[in-house]
Amino acid sequence: MSNFALDVVEVNAGRTILFGGVYAANDGYYAEIHEQKEGRIRRLEKSSTLPNRDVAVVWMNQTLARQSAAA
């Protein structure tokens, strides 16, 4: 398995950049949401194992929308 994201979305929320990626795992897919602020990157959320890539993309987009509204 590769650690490269299959799908990536980036959202500018002022001085904060939020981005997410969808990754393949041995037993499905998962998504992660990260924040880049003042040159530092940290993971905000990670999904559990999801059944397919489309579901992982939906989870990523919904979580990014919620995080950007809170930023």
# chains A, B, ... in the order shown; residues from 1 in each chain; ligands from 1
$ residues_around --residues "Glu45 of chain A" --least-positions-apart "5" --cutoff "9 Å" --atoms "only C-alpha atoms" --output "list in words"
Ala31, Glu32, Ile33, His34 and Thr63 of chain A
$ residues_around --residues "segment 17-27 of chain A" --least-positions-apart "6" --cutoff "8 Å" --atoms "only C-alpha atoms" --output "list in words"
Met1, Ser2, Asn3, Phe4, Ala5, Leu6, Asp7, Val8, Val9, Glu10, Val11, Ile33, His34, Glu35, Gln36, Lys37, Thr49, Arg53, Ala56, Val57, Met60, Leu64, Gln67 and Ser68 of chain A
$ write_last_selection --atoms "N, CA and C atoms" --output "mmCIF file, in the first residue's frame"
data_model
loop_
_atom_site.group_PDB
_atom_site.id
_atom_site.type_symbol
_atom_site.label_atom_id
_atom_site.label_comp_id
_atom_site.auth_asym_id
_atom_site.auth_seq_id
_atom_site.Cartn_x
_atom_site.Cartn_y
_atom_site.Cartn_z
ATOM 1 N N MET A 1 0.837 -1.182 0.000
ATOM 2 C CA MET A 1 0.000 0.000 0.000
ATOM 3 C C MET A 1 0.885 1.250 0.000
ATOM 4 N N SER A 2 0.361 2.284 -0.591
ATOM 5 C CA SER A 2 1.082 3.536 -0.712
ATOM 6 C C SER A 2 0.533 4.556 0.281
ATOM 7 N N ASN A 3 1.384 5.438 0.754
ATOM 8 C CA ASN A 3 0.953 6.500 1.653
ATOM 9 C C ASN A 3 0.529 7.750 0.912
ATOM 10 N N PHE A 4 0.457 7.676 -0.419
ATOM 11 C CA PHE A 4 0.045 8.826 -1.204
ATOM 12 C C PHE A 4 -1.474 8.922 -1.226
ATOM 13 N N ALA A 5 -1.968 10.148 -1.108
ATOM 14 C CA ALA A 5 -3.414 10.365 -1.107
ATOM 15 C C ALA A 5 -3.992 10.120 -2.497
ATOM 16 N N LEU A 6 -5.160 9.501 -2.524
ATOM 17 C CA LEU A 6 -5.870 9.271 -3.776
ATOM 18 C C LEU A 6 -6.651 10.512 -4.187
ATOM 19 N N ASP A 7 -7.199 11.205 -3.214
ATOM 20 C CA ASP A 7 -7.958 12.444 -3.436
ATOM 21 C C ASP A 7 -7.503 13.454 -2.403
ATOM 22 N N VAL A 8 -7.379 14.715 -2.803
ATOM 23 C CA VAL A 8 -6.932 15.773 -1.897
ATOM 24 C C VAL A 8 -7.815 16.999 -2.113
ATOM 25 N N VAL A 9 -8.192 17.648 -1.008
ATOM 26 C CA VAL A 9 -8.955 18.899 -1.058
ATOM 27 C C VAL A 9 -8.280 19.878 -0.104
ATOM 28 N N GLU A 10 -8.162 21.136 -0.535
ATOM 29 C CA GLU A 10 -7.567 22.182 0.291
ATOM 30 C C GLU A 10 -8.553 23.330 0.427
ATOM 31 N N VAL A 11 -8.664 23.862 1.650
ATOM 32 C CA VAL A 11 -9.572 24.975 1.930
ATOM 33 C C VAL A 11 -8.777 26.058 2.639
ATOM 34 N N ILE A 33 -7.980 14.766 7.992
ATOM 35 C CA ILE A 33 -8.081 16.209 7.874
ATOM 36 C C ILE A 33 -6.904 16.813 8.630
ATOM 37 N N HIS A 34 -6.189 17.739 7.977
ATOM 38 C CA HIS A 34 -5.028 18.387 8.575
ATOM 39 C C HIS A 34 -5.213 19.899 8.553
ATOM 40 N N GLU A 35 -4.477 20.557 9.439
ATOM 41 C CA GLU A 35 -4.481 22.014 9.517
ATOM 42 C C GLU A 35 -3.043 22.498 9.383
ATOM 43 N N GLN A 36 -2.835 23.514 8.534
ATOM 44 C CA GLN A 36 -1.528 24.169 8.451
ATOM 45 C C GLN A 36 -1.710 25.596 8.923
ATOM 46 N N LYS A 37 -1.002 25.917 9.966
ATOM 47 C CA LYS A 37 -1.119 27.242 10.572
ATOM 48 C C LYS A 37 0.273 27.681 11.011
ATOM 49 N N THR A 49 -12.186 3.089 9.305
ATOM 50 C CA THR A 49 -12.133 2.445 7.993
ATOM 51 C C THR A 49 -13.483 2.584 7.305
ATOM 52 N N ARG A 53 -14.068 4.285 -1.687
ATOM 53 C CA ARG A 53 -13.447 5.591 -1.914
ATOM 54 C C ARG A 53 -14.475 6.716 -1.928
ATOM 55 N N ALA A 56 -15.397 7.710 1.533
ATOM 56 C CA ALA A 56 -14.282 8.421 2.158
ATOM 57 C C ALA A 56 -14.204 9.869 1.671
ATOM 58 N N VAL A 57 -14.457 10.092 0.389
ATOM 59 C CA VAL A 57 -14.444 11.457 -0.162
ATOM 60 C C VAL A 57 -15.576 12.283 0.448
ATOM 61 N N MET A 60 -14.590 13.207 3.971
ATOM 62 C CA MET A 60 -13.571 14.249 3.943
ATOM 63 C C MET A 60 -14.196 15.615 3.651
ATOM 64 N N LEU A 64 -14.273 18.690 6.278
ATOM 65 C CA LEU A 64 -13.606 19.951 5.923
ATOM 66 C C LEU A 64 -14.573 21.131 6.005
ATOM 67 N N GLN A 67 -15.057 21.878 9.702
ATOM 68 C CA GLN A 67 -13.842 22.480 10.278
ATOM 69 C C GLN A 67 -13.623 23.910 9.784
ATOM 70 N N SER A 68 -13.884 24.155 8.500
ATOM 71 C CA SER A 68 -13.664 25.512 7.978
ATOM 72 C C SER A 68 -14.700 26.485 8.526
#
$ atom_distance --atom1 "atom CA of Gln62 of chain A" --atom2 "atom CA of Arg43 of chain A"
16.0 Å
$ residues_around --residues "Pro51 of chain A" --least-positions-apart "2" --cutoff "7 Å" --atoms "only C-alpha atoms" --output "JSON, numbers by chain"
{"A": [28, 29, 49, 55]}
$ select_by_dssp --residues "chain A" --states "helix (DSSP H, G or I)" --output "number ranges by chain"
A: 53-70
$ residues_around --residues "Glu38 of chain A" --least-positions-apart "5" --cutoff "12 Å" --atoms "only C-alpha atoms" --output "ChimeraX atom specification"
/A:14-17
$ write_last_selection --atoms "C-alpha atoms" --output "PDB file, in the first residue's frame"
ATOM      1  CA  GLY A  14      -7.959  33.005   6.515  1.00  0.00           C
ATOM      2  CA  ARG A  15      -4.441  32.392   7.816  1.00  0.00           C
ATOM      3  CA  THR A  16      -5.232  28.714   8.322  1.00  0.00           C
ATOM      4  CA  ILE A  17      -5.140  26.159   5.526  1.00  0.00           C
TER       5      ILE A  17
END
$ atom_distance --atom1 "atom CA of Tyr30 of chain A" --atom2 "atom CA of Trp59 of chain A"
9.0 Å
